[in-house]
file structure10.txt (compact mmCIF, C-alpha atoms)
# COMPACT_ATOMS: atom_id res chain seq x y z
CA MET A 13 18.24 25.05 -16.72
CA LEU A 14 15.74 22.37 -17.75
CA LEU A 15 16.50 23.00 -21.40
CA GLU A 16 20.21 22.56 -20.76
CA PHE A 17 19.55 19.33 -18.90
CA THR A 18 17.41 17.92 -21.72
CA GLU A 19 20.08 18.85 -24.26
CA VAL A 20 22.71 17.00 -22.24
CA VAL A 21 20.46 13.94 -21.96
CA ASN A 22 19.75 13.94 -25.70
CA GLU A 23 23.43 14.30 -26.57
CA PHE A 24 24.36 11.47 -24.24
CA TYR A 25 21.62 9.24 -25.66
CA SER A 26 22.65 10.00 -29.25
CA SER A 27 26.24 9.06 -28.49
CA LEU A 28 25.22 5.53 -27.48
CA SER A 29 25.19 2.57 -29.82
CA PRO A 30 21.79 1.35 -31.11
CA MET A 31 21.97 -1.61 -28.75
CA LEU A 32 22.60 0.59 -25.72
CA GLN A 33 19.88 2.99 -26.84
CA SER A 34 17.38 0.13 -26.86
CA PHE A 35 18.56 -0.93 -23.41
CA VAL A 36 18.21 2.61 -22.01
CA THR A 37 14.75 2.93 -23.56
CA LEU A 38 13.51 -0.35 -22.09
CA PHE A 39 15.07 0.34 -18.72
CA THR A 40 13.52 3.83 -18.58
CA LEU A 41 10.08 2.41 -19.42
CA VAL A 42 10.37 -0.34 -16.80
CA VAL A 43 11.37 2.14 -14.09
CA MET A 44 8.50 4.47 -15.00
CA ILE A 45 5.93 1.65 -14.91
CA LEU A 46 7.34 0.30 -11.64
CA LEU A 47 7.20 3.67 -9.88
CA TYR A 48 3.76 4.47 -11.26
CA SER A 49 2.31 1.08 -10.29
CA THR A 50 3.81 1.20 -6.80
CA PHE A 51 2.40 4.67 -6.19
CA ILE A 52 -1.09 3.70 -7.34
CA TRP A 53 -1.13 0.44 -5.40
CA LYS A 54 0.10 1.96 -2.15
CA LEU A 55 -2.17 5.00 -2.13
CA ARG A 56 -5.35 3.76 -3.83
CA THR A 57 -7.04 2.82 -0.55
CA PHE A 58 -5.82 6.04 1.03
CA ILE A 59 -7.35 8.36 -1.57
CA SER A 60 -10.58 6.35 -1.72
CA LYS A 61 -11.41 6.75 1.98
CA LYS A 62 -14.00 9.39 2.78
CA ASN A 63 -12.50 10.02 6.22
CA ILE A 64 -8.77 9.83 5.69
CA PHE A 65 -8.35 10.63 9.40
CA ASP A 66 -10.69 8.68 11.65
CA PHE A 67 -12.02 11.17 14.19
CA ASP A 68 -14.40 9.83 16.85
CA LEU A 69 -16.78 12.75 17.39
CA ASN A 70 -18.94 10.88 19.90
CA LYS A 71 -16.43 11.53 22.69
CA TYR A 72 -17.37 15.21 22.52
CA ASN A 73 -20.94 14.40 23.56
CA GLN A 74 -20.06 13.71 27.20
CA SER A 75 -21.33 17.03 28.52
CA LYS A 76 -24.37 18.66 30.12
CA ASN A 77 -25.15 20.16 26.72
CA PRO A 78 -24.20 17.41 24.24
CA ALA A 79 -25.98 19.07 21.31
CA LEU A 80 -23.81 22.19 21.54
CA ILE A 81 -20.64 20.20 22.08
CA LYS A 82 -21.43 18.01 19.10
CA LEU A 83 -22.05 21.08 16.96
CA ILE A 84 -18.72 22.64 17.98
CA ALA A 85 -16.88 19.35 17.45
CA SER A 86 -18.49 18.96 14.04
CA ALA A 87 -17.37 22.47 13.12
CA PHE A 88 -13.76 21.62 14.02
CA TYR A 89 -14.14 18.38 12.10
CA LEU A 90 -15.30 20.29 9.03
CA LEU A 91 -12.46 22.79 9.41
CA GLU A 92 -9.86 20.04 9.62
CA TYR A 93 -11.09 18.39 6.46
CA ILE A 94 -11.31 21.66 4.57
CA LEU A 95 -7.70 22.52 5.39
CA ILE A 96 -5.96 19.15 5.40
CA VAL A 97 -7.73 16.66 3.15
CA PRO A 98 -7.80 18.82 -0.01
CA PHE A 99 -4.04 19.23 0.10
CA ILE A 100 -3.54 15.49 0.60
CA VAL A 101 -5.84 14.80 -2.34
CA PHE A 102 -3.98 17.44 -4.33
CA PHE A 103 -0.68 15.68 -3.58
CA TRP A 104 -2.11 12.43 -4.98
CA PHE A 105 -3.43 14.35 -7.98
CA GLY A 106 -0.06 16.03 -8.57
CA VAL A 107 1.99 12.83 -8.44
CA PHE A 108 -0.55 10.97 -10.57
CA THR A 109 -0.46 13.74 -13.19
CA PHE A 110 3.34 13.85 -13.05
CA PHE A 111 3.57 10.16 -13.98
CA LEU A 112 0.98 10.50 -16.75
CA ILE A 113 2.96 13.34 -18.30
CA PHE A 114 5.88 11.01 -18.91
CA LEU A 115 3.84 7.96 -19.88
CA VAL A 116 1.48 9.34 -22.53
CA LYS A 117 2.62 10.50 -25.95
CA GLU A 118 3.72 14.08 -26.39
CA ALA A 119 0.81 14.91 -28.69
CA ILE A 120 -1.35 15.04 -25.56
CA GLY A 121 -0.75 18.44 -23.98
CA ILE A 122 -0.11 19.18 -20.32
CA ASN A 123 -3.49 20.89 -19.90
CA THR A 124 -5.30 17.83 -21.30
CA ILE A 125 -3.44 15.55 -18.90
CA LEU A 126 -4.35 17.82 -16.00
CA ILE A 127 -8.02 17.67 -16.96
CA ILE A 128 -7.94 13.86 -17.24
CA SER A 129 -6.28 13.57 -13.83
CA ALA A 130 -8.72 16.03 -12.25
CA VAL A 131 -11.71 14.09 -13.60
CA ALA A 132 -10.29 10.81 -12.29
CA VAL A 133 -9.52 12.20 -8.82
CA ALA A 134 -12.87 14.00 -8.55
CA SER A 135 -14.75 10.82 -9.51
CA ILE A 136 -12.91 8.82 -6.87
CA ARG A 137 -13.56 11.40 -4.15
CA ILE A 138 -17.26 11.75 -4.99
CA CYS A 139 -17.73 7.99 -4.97
CA SER A 140 -16.14 7.76 -1.52
CA TYR A 141 -19.06 9.78 -0.09
CA ILE A 142 -21.72 7.35 -1.30
CA PRO A 143 -23.21 5.58 1.76
CA ARG A 144 -22.48 1.90 2.45
CA TYR A 145 -20.54 0.86 -0.66
CA GLY A 146 -19.00 4.19 -1.72
CA GLU A 147 -15.50 3.61 -0.37
CA ASP A 148 -15.29 0.16 -1.98
CA LEU A 149 -16.36 1.66 -5.30
CA ALA A 150 -13.87 4.50 -4.91
CA ALA A 151 -11.07 2.02 -4.15
CA GLU A 152 -11.87 0.09 -7.33
CA LEU A 153 -11.92 3.30 -9.37
CA ALA A 154 -8.60 4.38 -7.82
CA LYS A 155 -7.16 1.10 -9.07
CA ILE A 156 -8.91 0.65 -12.41
CA LEU A 157 -8.64 4.16 -13.86
CA PRO A 158 -4.87 4.65 -13.37
CA PHE A 159 -4.02 1.15 -14.58
CA THR A 160 -6.30 1.61 -17.58
CA PHE A 161 -4.40 4.76 -18.47
CA LEU A 162 -1.17 2.82 -18.05
CA GLY A 163 -2.40 0.05 -20.35
CA ILE A 164 -3.44 2.53 -23.02
CA ALA A 165 -0.05 4.25 -22.83
CA VAL A 166 1.96 1.02 -22.99
CA PHE A 167 0.05 -0.33 -25.99
CA GLU A 168 0.54 2.81 -28.04
CA PRO A 169 2.30 1.78 -31.28
CA ASP A 170 5.02 4.43 -30.89
CA MET A 171 5.48 3.97 -27.14
CA LEU A 172 9.10 2.81 -27.45
CA ILE A 173 9.96 5.09 -30.35
CA GLY A 174 11.73 8.17 -29.10
CA LEU A 175 10.94 7.44 -25.45
CA THR A 176 14.06 9.17 -24.18
CA SER A 177 13.51 12.25 -26.31
CA ARG A 178 9.89 12.34 -25.16
CA VAL A 179 10.99 12.22 -21.53
CA SER A 180 13.43 15.06 -22.22
CA LEU A 181 10.66 17.07 -23.88
CA ARG A 182 8.34 16.50 -20.94
CA ILE A 183 11.04 17.63 -18.52
CA SER A 184 11.28 20.90 -20.42
CA GLN A 185 7.48 21.27 -20.09
CA LEU A 186 7.41 20.80 -16.31
CA PRO A 187 7.02 24.56 -15.63
CA LEU A 188 3.65 24.33 -17.42
CA PHE A 189 2.70 21.52 -15.06
CA PHE A 190 3.55 23.48 -11.92
CA THR A 191 1.83 26.66 -13.06
CA GLY A 192 -1.25 24.79 -14.30
CA THR A 193 -1.94 22.88 -11.09
CA MET A 194 -2.98 25.90 -9.02
CA SER A 195 -6.45 26.14 -10.57
CA TYR A 196 -6.95 22.43 -9.97
CA LEU A 197 -5.97 22.85 -6.32
CA ALA A 198 -8.83 25.35 -6.05
CA PHE A 199 -11.13 22.86 -7.78
CA ILE A 200 -10.21 20.10 -5.32
CA VAL A 201 -10.69 22.41 -2.32
CA VAL A 202 -14.12 23.54 -3.55
CA LEU A 203 -15.15 19.95 -4.28
CA GLU A 204 -14.17 18.72 -0.81
CA VAL A 205 -15.90 21.69 0.80
CA ILE A 206 -19.13 20.99 -1.09
CA LEU A 207 -19.04 17.27 -0.25
CA ARG A 208 -18.29 17.93 3.41
CA PHE A 209 -20.95 20.62 3.59
CA PHE A 210 -23.67 18.30 2.34
CA GLU A 211 -22.52 15.50 4.65
CA PHE A 212 -22.30 17.91 7.59
CA THR A 213 -25.75 19.39 6.91
CA LEU A 214 -27.44 16.02 6.52
CA SER A 215 -25.67 14.68 9.59
CA ILE A 216 -26.82 17.61 11.73
CA ALA A 217 -30.36 17.16 10.43
CA GLY A 218 -30.20 13.47 11.35
CA VAL A 219 -30.85 12.40 7.77
CA TYR A 220 -27.43 10.88 7.07
CA GLU A 221 -25.71 8.84 9.78
CA PRO A 222 -23.73 6.12 7.98
CA GLU A 223 -21.89 4.85 11.04
CA ALA A 224 -25.09 4.28 12.98
CA GLN A 225 -26.69 2.53 10.00
CA GLU A 226 -23.73 0.19 9.55
CA GLN A 227 -23.74 -0.76 13.25
CA THR A 228 -27.49 -1.50 13.11
CA ASP A 229 -27.05 -3.67 10.03
CA VAL A 230 -24.26 -5.65 11.67
CA GLN A 231 -26.36 -6.27 14.76

call {"tool": "encode", "arguments": {"input": "structure10.txt", "output": "C-alpha cells"}}
result
Amino acid sequence: MLLEFTEVVNEFYSSLSPMLQSFVTLFTLVVMILLYSTFIWKLRTFISKKNIFDFDLNKYNQSKNPALIKLIASAFYLLEYILIVPFIVFFWFGVFTFFLIFLVKEAIGINTILIISAVAVASIRICSYIPRYGEDLAAELAKILPFTFLGIAVFEPDMLIGLTSRVSLRISQLPLFFTGTMSYLAFIVVLEVILRFFEFTLSIAGVYEPEAQEQTDVQ
C-alpha cells in the first residue's frame, strides 16, 4: 500500500510544471521544518525533566512507622517511573526519529538514524539525573542537538534536489522504522530502570537527597 502511495505521489509530482515542482518542494520543506521545530520547542523541557510527574513522597511519612511507609511509597514511585516514563520518552524518541527520517538524505539508513536518535535521547535523560544543574543541561541538549541536526540537514547541498522523491522513498521505508524501534524501546526502559535504581538506592541510603539540598541552599 505504501509503495502504491509513493508511486501516485511521484506520478503527480512529475506531471507538474517545473515552476510548480519548485513550489511543492519548498512548501514541503517549510512544513517539515515547521512541524519539527514546533515539536522540539514544545517538548524539550518535558523530556529534560528528571521527574516528569511531580510526586510528593513526603506525605507518605505521616505514620507511626514513617520509615516503612516511605519505603513502600518509594517502591510505588519506582514502579510508576519504570512503567510510564520510558514509554513517554520512547514517544519523544519515535517522533524525533520520524522527523529525522524525512529531513536527512536517503544515503543515511533507517538504522543509522535510529542510533543517532537513541544516543541523543539517552544523553538528555542521563543529564537530567545530574544533581543541581542536570535538568538545565538536559534542556539545553534537548534544544541544541535536534536543531543542530536540522541545520546540518538544511545546509546539505542536495537538500532541495529530489526532496519529493526522497520523501516518497522514506514513506516506503517506514515499515523498517516501526520494526526497528522495538529494540530501542527496550534500551530506553533499561536505561530508565538503571537511572532510577541508582537514584532510589542512594536516596534510601541518605546519600542523594537533591530536594533537601536545594532547599538548604535557598535558605

call {"tool": "closest_residue", "arguments": {"input": "structure10.txt", "among": "A:Leu95, A:Ala134, A:Val116, A:Leu28", "to": "Val205 of chain A", "atoms": "only C-alpha atoms"}}
result
A:Leu95

call {"tool": "closest_residue", "arguments": {"input": "structure10.txt", "among": "A:Ile52, A:Ala198, A:Ile100, A:Met44", "to": "Ile156 of chain A", "atoms": "only C-alpha atoms"}}
result
A:Ile52

call {"tool": "atom_distance", "arguments": {"input": "structure10.txt", "atom1": "atom CA of Arg144 of chain A", "atom2": "atom CA of Lys62 of chain A"}}
result
11.3 Å

call {"tool": "closest_residue", "arguments": {"input": "structure10.txt", "among": "A:Lys54, A:Ile206, A:Phe24, A:Ser60", "to": "Ser140 of chain A", "atoms": "all atoms listed in the file"}}
result
A:Ser60

call {"tool": "closest_residue", "arguments": {"input": "structure10.txt", "among": "A:Ile45, A:Ala150, A:Leu115, A:Met31", "to": "Arg137 of chain A", "atoms": "all atoms listed in the file"}}
result
A:Ala150

call {"tool": "closest_residue", "arguments": {"input": "structure10.txt", "among": "A:Gly146, A:Gly106, A:Gly163, A:Pro158", "to": "Thr191 of chain A", "atoms": "all atoms listed in the file"}}
result
A:Gly106

call {"tool": "residues_around", "arguments": {"input": "structure10.txt", "residues": "Pro98 of chain A", "least_positions_apart": "5", "cutoff": "8 Å", "atoms": "all atoms listed in the file", "output": "PyMOL selection string"}}
result
chain A and resi 93+197+200-201+204

call {"tool": "closest_residue", "arguments": {"input": "structure10.txt", "among": "A:Ser184, A:Tyr145, A:Ile138, A:Glu152", "to": "Leu203 of chain A", "atoms": "all atoms listed in the file"}}
result
A:Ile138

call {"tool": "atom_distance", "arguments": {"input": "structure10.txt", "atom1": "atom CA of Tyr48 of chain A", "atom2": "atom CA of Gln185 of chain A"}}
result
19.3 Å
